[in-house]
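Have a look at query.pdb; it's PDB, C-alpha atoms:
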```
ATOM      1  CA  MET A   1      21.221 -62.553 -60.137
ATOM      2  CA  THR A   2      22.694 -59.059 -60.211
ATOM      3  CA  PRO A   3      26.338 -58.302 -61.030
ATOM      4  CA  GLU A   4      26.840 -57.251 -57.399
ATOM      5  CA  GLN A   5      25.478 -60.571 -56.131
ATOM      6  CA  LEU A   6      27.694 -62.451 -58.559
ATOM      7  CA  LEU A   7      30.727 -60.510 -57.348
ATOM      8  CA  ASP A   8      29.913 -61.461 -53.754
ATOM      9  CA  CYS A   9      29.714 -65.159 -54.691
ATOM     10  CA  LEU A  10      32.884 -65.115 -56.778
ATOM     11  CA  SER A  11      34.770 -63.116 -54.182
ATOM     12  CA  LYS A  12      34.050 -65.789 -51.572
ATOM     13  CA  SER A  13      35.017 -68.694 -53.831
ATOM     14  CA  ALA A  14      38.196 -66.854 -54.888
ATOM     15  CA  ALA A  15      39.159 -66.247 -51.251
ATOM     16  CA  ALA A  16      38.957 -69.983 -50.627
ATOM     17  CA  LYS A  17      41.762 -70.398 -53.183
ATOM     18  CA  GLY A  18      43.766 -67.443 -51.851
ATOM     19  CA  TYR A  19      42.779 -65.120 -54.695
ATOM     20  CA  TYR A  20      41.037 -61.765 -54.757
ATOM     21  CA  LEU A  21      38.886 -59.822 -57.168
ATOM     22  CA  HIS A  22      40.582 -56.849 -58.798
ATOM     23  CA  ALA A  23      40.653 -53.661 -56.744
ATOM     24  CA  ASP A  24      39.004 -51.661 -59.543
ATOM     25  CA  ARG A  25      35.339 -52.123 -58.646
ATOM     26  CA  GLU A  26      34.105 -50.728 -61.959
ATOM     27  CA  HIS A  27      36.264 -53.217 -63.869
ATOM     28  CA  CYS A  28      34.889 -56.060 -61.727
ATOM     29  CA  LEU A  29      31.276 -54.967 -62.166
ATOM     30  CA  GLY A  30      31.758 -54.772 -65.927
ATOM     31  CA  THR A  31      33.252 -58.264 -65.946
ATOM     32  CA  ALA A  32      30.396 -59.598 -63.805
ATOM     33  CA  GLU A  33      27.851 -58.060 -66.201
ATOM     34  CA  SER A  34      29.648 -59.736 -69.108
ATOM     35  CA  LEU A  35      29.694 -63.094 -67.322
ATOM     36  CA  LEU A  36      25.939 -62.831 -66.805
ATOM     37  CA  ALA A  37      25.500 -61.825 -70.461
ATOM     38  CA  ASN A  38      27.450 -64.929 -71.520
ATOM     39  CA  LYS A  39      25.387 -67.097 -69.178
ATOM     40  CA  GLU A  40      22.283 -65.752 -70.903
ATOM     41  CA  ARG A  41      23.805 -66.177 -74.360
ATOM     42  CA  TYR A  42      25.511 -69.572 -74.089
ATOM     43  CA  GLY A  43      24.029 -71.130 -70.963
ATOM     44  CA  TYR A  44      27.319 -70.991 -69.066
ATOM     45  CA  MET A  45      29.610 -68.238 -67.802
ATOM     46  CA  CYS A  46      32.226 -68.271 -70.468
ATOM     47  CA  CYS A  47      35.322 -66.065 -70.130
ATOM     48  CA  PRO A  48      34.251 -62.621 -71.384
ATOM     49  CA  CYS A  49      37.722 -61.911 -72.791
ATOM     50  CA  ARG A  50      37.660 -64.871 -75.185
ATOM     51  CA  LEU A  51      35.472 -65.818 -78.104
ATOM     52  CA  ALA A  52      33.290 -68.801 -77.216
ATOM     53  CA  CYS A  53      32.419 -71.588 -79.628
ATOM     54  CA  ALA A  54      28.954 -71.808 -78.082
ATOM     55  CA  ASP A  55      29.645 -75.492 -77.403
ATOM     56  CA  ARG A  56      29.942 -76.226 -73.700
ATOM     57  CA  GLN A  57      32.375 -79.104 -74.101
ATOM     58  CA  GLN A  58      34.653 -77.198 -76.435
ATOM     59  CA  ASP A  59      34.485 -74.119 -74.214
ATOM     60  CA  SER A  60      34.910 -76.098 -70.974
ATOM     61  CA  ASP A  61      38.454 -74.782 -70.380
ATOM     62  CA  ILE A  62      37.327 -71.150 -70.566
ATOM     63  CA  ILE A  63      34.302 -71.308 -68.293
ATOM     64  CA  CYS A  64      35.089 -68.812 -65.531
ATOM     65  CA  PRO A  65      37.222 -69.416 -63.545
ATOM     66  CA  CYS A  66      39.147 -70.792 -66.496
ATOM     67  CA  VAL A  67      41.648 -73.612 -66.197
ATOM     68  CA  TYR A  68      44.460 -71.152 -66.940
ATOM     69  CA  ARG A  69      43.722 -68.918 -63.955
ATOM     70  CA  ASP A  70      46.132 -70.549 -61.486
ATOM     71  CA  ALA A  71      49.069 -70.481 -63.883
ATOM     72  CA  ASP A  72      48.314 -66.904 -64.973
ATOM     73  CA  ILE A  73      48.087 -65.638 -61.401
ATOM     74  CA  ALA A  74      51.283 -67.484 -60.489
ATOM     75  CA  GLU A  75      53.161 -65.940 -63.439
ATOM     76  CA  TYR A  76      51.564 -62.513 -63.859
ATOM     77  CA  GLY A  77      49.691 -61.866 -60.619
ATOM     78  CA  ALA A  78      46.340 -61.736 -62.467
ATOM     79  CA  CYS A  79      44.147 -63.891 -64.659
ATOM     80  CA  PHE A  80      43.762 -63.281 -68.395
ATOM     81  CA  CYS A  81      40.916 -60.788 -67.792
ATOM     82  CA  SER A  82      42.608 -59.193 -64.756
ATOM     83  CA  PHE A  83      39.489 -60.180 -62.829
ATOM     84  CA  TYR A  84      41.204 -62.402 -60.266
ATOM     85  CA  VAL A  85      44.487 -61.241 -58.741
ATOM     86  CA  SER A  86      47.007 -62.496 -56.228
ATOM     87  CA  GLU A  87      47.223 -61.222 -52.651
ATOM     88  CA  GLU A  88      50.205 -59.104 -53.637
ATOM     89  CA  HIS A  89      48.103 -57.017 -56.024
ATOM     90  CA  LYS A  90      44.737 -57.064 -54.260
ATOM     91  CA  ASP A  91      44.845 -53.365 -53.332
ATOM     92  CA  ASP A  92      46.158 -51.977 -56.626
ATOM     93  CA  PRO A  93      43.344 -50.617 -58.841
ATOM     94  CA  ASP A  94      45.836 -49.836 -61.630
ATOM     95  CA  PHE A  95      47.289 -53.328 -61.884
ATOM     96  CA  PHE A  96      46.536 -54.552 -65.416
ATOM     97  CA  PRO A  97      49.426 -56.743 -66.571
ATOM     98  CA  ASP A  98      49.725 -57.963 -70.169
ATOM     99  CA  VAL A  99      48.812 -61.592 -69.624
ATOM    100  CA  GLU A 100      49.862 -63.791 -72.528
ATOM    101  CA  GLU A 101      47.136 -66.101 -73.792
ATOM    102  CA  ARG A 102      48.191 -69.632 -72.843
ATOM    103  CA  ARG A 103      45.198 -71.367 -74.385
ATOM    104  CA  ASP A 104      46.095 -73.512 -77.377
ATOM    105  CA  PRO A 105      44.609 -71.709 -80.425
ATOM    106  CA  SER A 106      43.476 -75.071 -81.805
ATOM    107  CA  ARG A 107      40.983 -75.352 -78.904
ATOM    108  CA  GLY A 108      39.012 -72.308 -79.976
ATOM    109  CA  LEU A 109      37.264 -71.461 -83.205
TER     110      LEU A 109
ATOM    111  CA  MET B   1     -17.329 -97.558-122.463
ATOM    112  CA  ASN B   2     -15.780 -99.447-119.543
ATOM    113  CA  SER B   3     -12.354 -99.226-121.138
ATOM    114  CA  SER B   4     -12.699 -95.404-121.477
ATOM    115  CA  ILE B   5     -13.530 -95.099-117.790
ATOM    116  CA  ALA B   6     -10.574 -97.299-116.905
ATOM    117  CA  ILE B   7      -8.228 -95.123-119.018
ATOM    118  CA  ILE B   8      -9.539 -91.887-117.437
ATOM    119  CA  ALA B   9      -9.181 -93.415-113.956
ATOM    120  CA  ALA B  10      -5.638 -94.525-114.748
ATOM    121  CA  ILE B  11      -4.706 -91.029-115.993
ATOM    122  CA  ALA B  12      -6.186 -89.483-112.823
ATOM    123  CA  VAL B  13      -4.202 -91.864-110.608
ATOM    124  CA  ILE B  14      -0.991 -91.132-112.526
ATOM    125  CA  ALA B  15      -1.628 -87.375-112.215
ATOM    126  CA  VAL B  16      -2.159 -87.629-108.448
ATOM    127  CA  ILE B  17       1.025 -89.695-108.058
ATOM    128  CA  ALA B  18       2.953 -87.183-110.178
ATOM    129  CA  VAL B  19       1.726 -84.250-108.066
ATOM    130  CA  LEU B  20       2.644 -86.040-104.818
ATOM    131  CA  PHE B  21       6.065 -86.949-106.217
ATOM    132  CA  LEU B  22       6.811 -83.382-107.287
ATOM    133  CA  ARG B  23       5.702 -81.957-103.939
ATOM    134  CA  LYS B  24       8.031 -84.327-102.076
ATOM    135  CA  LYS B  25      10.896 -83.469-104.380
ATOM    136  CA  ASN B  26      10.430 -79.731-103.788
ATOM    137  CA  THR B  27      10.418 -79.918 -99.993
ATOM    138  CA  PRO B  28      14.197 -80.472 -99.475
ATOM    139  CA  ALA B  29      14.971 -77.745-101.993
ATOM    140  CA  GLN B  30      12.913 -75.295 -99.931
ATOM    141  CA  ASP B  31      14.803 -76.388 -96.822
ATOM    142  CA  LYS B  32      18.084 -75.650 -98.540
ATOM    143  CA  GLU B  33      16.968 -72.082 -99.113
ATOM    144  CA  LYS B  34      16.618 -71.562 -95.367
ATOM    145  CA  PRO B  35      19.657 -69.949 -93.747
ATOM    146  CA  GLU B  36      21.977 -72.674 -92.495
ATOM    147  CA  GLU B  37      23.183 -70.594 -89.537
ATOM    148  CA  LYS B  38      21.190 -70.083 -86.391
ATOM    149  CA  GLY B  39      21.939 -67.391 -83.863
ATOM    150  CA  PRO B  40      22.926 -63.770 -84.251
ATOM    151  CA  GLN B  41      24.437 -62.500 -87.464
ATOM    152  CA  GLY B  42      25.877 -59.038 -87.121
ATOM    153  CA  ASP B  43      26.100 -56.247 -89.658
ATOM    154  CA  PRO B  44      26.956 -57.716 -93.089
ATOM    155  CA  GLU B  45      28.931 -54.622 -94.095
ATOM    156  CA  LEU B  46      31.130 -54.879 -91.011
ATOM    157  CA  TYR B  47      31.558 -58.595 -91.693
ATOM    158  CA  ALA B  48      32.733 -57.766 -95.223
ATOM    159  CA  LEU B  49      35.144 -55.155 -93.863
ATOM    160  CA  GLY B  50      36.402 -57.596 -91.256
ATOM    161  CA  MET B  51      37.140 -60.157 -93.945
ATOM    162  CA  ASN B  52      38.787 -57.596 -96.207
ATOM    163  CA  PRO B  53      40.131 -54.981 -93.801
ATOM    164  CA  ILE B  54      41.151 -52.198 -96.125
ATOM    165  CA  SER B  55      40.306 -48.834 -94.608
ATOM    166  CA  GLU B  56      41.746 -45.404 -93.971
ATOM    167  CA  LYS B  57      40.582 -45.760 -90.387
ATOM    168  CA  PRO B  58      41.931 -48.169 -87.746
ATOM    169  CA  ILE B  59      39.893 -51.375 -87.497
ATOM    170  CA  MET B  60      39.388 -52.953 -84.101
ATOM    171  CA  TYR B  61      38.354 -56.606 -83.767
ATOM    172  CA  ALA B  62      36.710 -56.903 -80.381
ATOM    173  CA  LEU B  63      34.171 -58.637 -78.135
ATOM    174  CA  THR B  64      31.193 -56.846 -76.614
ATOM    175  CA  THR B  65      31.956 -58.541 -73.282
ATOM    176  CA  CYS B  66      35.678 -57.828 -73.074
ATOM    177  CA  GLN B  67      36.797 -55.228 -70.516
ATOM    178  CA  HIS B  68      40.134 -54.724 -72.295
ATOM    179  CA  CYS B  69      38.145 -53.884 -75.436
ATOM    180  CA  LYS B  70      35.938 -51.462 -73.501
ATOM    181  CA  ASN B  71      38.987 -49.773 -71.981
ATOM    182  CA  THR B  72      40.586 -49.525 -75.408
ATOM    183  CA  ARG B  73      37.468 -47.908 -76.829
ATOM    184  CA  LYS B  74      37.319 -45.448 -73.926
ATOM    185  CA  PHE B  75      40.932 -44.492 -74.543
ATOM    186  CA  LEU B  76      40.450 -44.043 -78.291
ATOM    187  CA  ASP B  77      37.232 -42.080 -77.784
ATOM    188  CA  ALA B  78      38.877 -39.826 -75.194
ATOM    189  CA  ASN B  79      41.620 -39.088 -77.722
ATOM    190  CA  ASN B  80      39.184 -38.448 -80.581
ATOM    191  CA  VAL B  81      40.475 -41.318 -82.699
ATOM    192  CA  ASP B  82      38.063 -42.324 -85.439
ATOM    193  CA  TYR B  83      37.999 -46.105 -85.850
ATOM    194  CA  THR B  84      35.724 -48.965 -86.826
ATOM    195  CA  VAL B  85      34.917 -51.722 -84.354
ATOM    196  CA  ILE B  86      33.850 -55.227 -85.368
ATOM    197  CA  TYR B  87      32.413 -57.343 -82.556
ATOM    198  CA  LEU B  88      32.999 -60.995 -83.345
ATOM    199  CA  ASP B  89      30.538 -62.213 -80.738
ATOM    200  CA  GLU B  90      27.754 -60.530 -82.694
ATOM    201  CA  TYR B  91      28.216 -63.218 -85.368
ATOM    202  CA  SER B  92      27.666 -66.944 -85.184
ATOM    203  CA  GLY B  93      28.449 -70.092 -87.113
ATOM    204  CA  SER B  94      30.749 -69.809 -90.100
ATOM    205  CA  GLN B  95      30.799 -65.993 -90.016
ATOM    206  CA  ARG B  96      32.142 -66.060 -86.471
ATOM    207  CA  SER B  97      34.825 -68.628 -87.332
ATOM    208  CA  ASP B  98      35.723 -66.833 -90.588
ATOM    209  CA  LEU B  99      36.308 -63.600 -88.704
ATOM    210  CA  MET B 100      38.323 -65.406 -86.038
ATOM    211  CA  GLU B 101      40.485 -66.970 -88.701
ATOM    212  CA  LYS B 102      41.060 -63.497 -90.150
ATOM    213  CA  VAL B 103      42.045 -62.122 -86.721
ATOM    214  CA  ARG B 104      44.592 -64.941 -86.390
ATOM    215  CA  THR B 105      46.298 -63.877 -89.602
ATOM    216  CA  TYR B 106      47.243 -60.641 -87.765
ATOM    217  CA  ASN B 107      47.435 -62.002 -84.216
ATOM    218  CA  PRO B 108      48.057 -65.770 -84.099
ATOM    219  CA  ARG B 109      46.870 -66.029 -80.466
ATOM    220  CA  GLY B 110      43.465 -64.705 -81.514
ATOM    221  CA  THR B 111      43.082 -62.341 -78.568
ATOM    222  CA  PHE B 112      41.104 -59.120 -78.181
ATOM    223  CA  PRO B 113      41.249 -56.337 -78.935
ATOM    224  CA  THR B 114      43.290 -56.638 -82.117
ATOM    225  CA  ILE B 115      43.678 -53.284 -83.841
ATOM    226  CA  LEU B 116      44.814 -52.881 -87.433
ATOM    227  CA  VAL B 117      46.432 -49.507 -87.921
ATOM    228  CA  PRO B 118      46.488 -48.076 -91.444
ATOM    229  CA  GLY B 119      49.997 -48.627 -92.709
ATOM    230  CA  GLY B 120      50.213 -52.182 -91.428
ATOM    231  CA  LYS B 121      50.899 -51.935 -87.691
ATOM    232  CA  VAL B 122      48.925 -54.309 -85.440
ATOM    233  CA  ILE B 123      48.222 -53.553 -81.777
ATOM    234  CA  VAL B 124      47.111 -56.415 -79.552
ATOM    235  CA  GLY B 125      45.487 -55.780 -76.187
ATOM    236  CA  PHE B 126      44.834 -52.585 -74.248
ATOM    237  CA  ARG B 127      48.189 -50.923 -74.920
ATOM    238  CA  LYS B 128      47.995 -47.200 -74.179
ATOM    239  CA  GLN B 129      51.611 -46.511 -75.103
ATOM    240  CA  LEU B 130      51.392 -48.281 -78.468
ATOM    241  CA  MET B 131      48.086 -46.610 -79.302
ATOM    242  CA  GLN B 132      49.524 -43.261 -78.316
ATOM    243  CA  GLU B 133      52.464 -43.758 -80.669
ATOM    244  CA  ALA B 134      50.560 -45.271 -83.586
ATOM    245  CA  LEU B 135      47.249 -43.432 -83.493
ATOM    246  CA  ILE B 136      47.639 -40.199 -81.608
ATOM    247  CA  HIS B 137      51.183 -38.873 -82.148
ATOM    248  CA  ASP B 138      50.990 -39.786 -85.816
ATOM    249  CA  SER B 139      48.164 -37.519 -86.871
ATOM    250  CA  GLY B 140      48.450 -38.861 -90.426
ATOM    251  CA  THR B 141      46.746 -42.095 -89.359
ATOM    252  CA  THR B 142      44.089 -40.472 -87.213
ATOM    253  CA  ALA B 143      40.976 -39.572 -89.120
TER     254      ALA B 143
END
```

Would you mind writing the structure in this file as structure tokens?
Amino acid sequence: MTPEQLLDCLSKSAAAKGYYLHADREHCLGTAESLLANKERYGYMCCPCRLACADRQQDSDIICPCVYRDADIAEYGACFCSFYVSEEHKDDPDFFPDVEERRDPSRGL
Amino acid sequence: MNSSIAIIAAIAVIAVIAVLFLRKKNTPAQDKEKPEEKGPQGDPELYALGMNPISEKPIMYALTTCQHCKNTRKFLDANNVDYTVIYLDEYSGSQRSDLMEKVRTYNPRGTFPTILVPGGKVIVGFRKQLMQEALIHDSGTTA
């Protein structure tokens, strides 16, 4: 699968939840490449902005889309990686809010 | 005569048993010498620096996959800031967790990038304004 194909798939599944991919295409392509790299490396598409444990069960909350996405988009308008955004920010290529990590540090390494 | 043969045979049997015993005993020791970690292990010098981050240059803890880290690097490169980057995802096992533990001593949330500025300041995330103030305006910290 190419990054472009992955973006098409993720864009459709995001739309079903009322979300959009970030308007900066280059940022999205880079994220898609990283997701594919993590799939190759760990066997699952772990969040590229977080350090994986390489254990699927332990990393289950940060497999993209992570379990924190809904809360992050509701509070900040974007997910932790600024990959998914709300409708309000779907056309803004410069929208990169500082999203606070809400994952419990004890869950990671 | 028969007793001599019996003694020689007994010695031979004991020798064979001793050799087999010693071989078995050596096998686990050889296993212990094998590296206990599987997976990638990044540059040992960068690992050492990451664990003891004393440098005249800024040190950036990052992930190869992280867009915020890539954007931070682009910004620093565009502004001719000399820095060292340590990619935690290039390590595995205990080295990866050791480095993560070290990052958390500077940034308890353990997020990336985490930049240590000489002088003690810590910048977390892709923060143009903070980098501008700490690394570009203050030429004393920019190598």

Between atom CA of A:His27 and atom CA of B:Tyr87, distance in Å (one decimal): 19.5 Å

Wanna dump the chain B-chain A contacts at 6 Å for me, each residue with its shortest atom pair and the distance in Å to one decimal, counting all atoms listed in the file, ordered by chain and number, as a Markdown table?
```
| residue | atom | partner | partner_atom | distance |
| --- | --- | --- | --- | --- |
| B:Thr65 | CA | A:Ser34 | CA | 4.9 |
| B:Cys66 | CA | A:Cys49 | CA | 4.6 |
| B:Ser97 | CA | A:Leu109 | CA | 5.6 |
```

Resulting file, chosen residues, C-alpha atoms, as an mmCIF file, in the coordinates of the input:
```
data_model
loop_
_atom_site.group_PDB
_atom_site.id
_atom_site.type_symbol
_atom_site.label_atom_id
_atom_site.label_comp_id
_atom_site.auth_asym_id
_atom_site.auth_seq_id
_atom_site.Cartn_x
_atom_site.Cartn_y
_atom_site.Cartn_z
ATOM 1 C CA THR B 65 31.956 -58.541 -73.282
ATOM 2 C CA CYS B 66 35.678 -57.828 -73.074
ATOM 3 C CA SER B 97 34.825 -68.628 -87.332
#
```

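Within the 8 Å cut-off around B:Pro118, using only C-alpha atoms and omitting residues fewer than 5 positions from it on the same chain, the listed residues are Ser55, Glu56, Lys57, Pro58 and Thr141 of chain B.
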
Those residues with C-alpha atoms, as a PDB file, keeping the file's coordinate frame please?
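Final output, saved to result-v4.pdb:
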```
ATOM      1  CA  SER B  55      40.306 -48.834 -94.608  1.00  0.00           C
ATOM      2  CA  GLU B  56      41.746 -45.404 -93.971  1.00  0.00           C
ATOM      3  CA  LYS B  57      40.582 -45.760 -90.387  1.00  0.00           C
ATOM      4  CA  PRO B  58      41.931 -48.169 -87.746  1.00  0.00           C
ATOM      5  CA  THR B 141      46.746 -42.095 -89.359  1.00  0.00           C
TER       6      THR B 141
END
```

Residue IDs satisfying the PyMOL selection byres ((chain A and resi 65) around 9), as an NGL selection string: :A and (45-47 or 61-64 or 66-69 or 79 or 84)

Minimum-distance residue to B:Glu90, chosen among B:Asn52, B:Thr64, B:Asn71, B:Thr111 (using only C-alpha atoms): B:Thr64

Output of the PyMOL selection byres ((chain B and resi 75-77) around 10), listed as JSON, numbers by chain: {"B": [69, 70, 71, 72, 73, 74, 78, 79, 80, 81, 82, 83, 126, 127, 128, 131, 132, 135, 136]}

Expansion of the PyMOL selection byres ((chain B and resi 47) around 9) into residues, as an MDAnalysis selection string: chainID B and resid 42:46 48:52 86 88 91 95 99

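Distance-wise, atom CA of A:Val85 and atom CA of B:Met60 end up 27.2 Å apart.
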
One-decimal distance in Å that lies between atom CA of B:Ile54 and atom CA of B:Pro113: 17.7 Å

Cut-off 9 Å around (50.4, -65.5, -57.3) with all atoms listed in the file: residues as number ranges by chain: A: 18-19, 70-78, 85-89
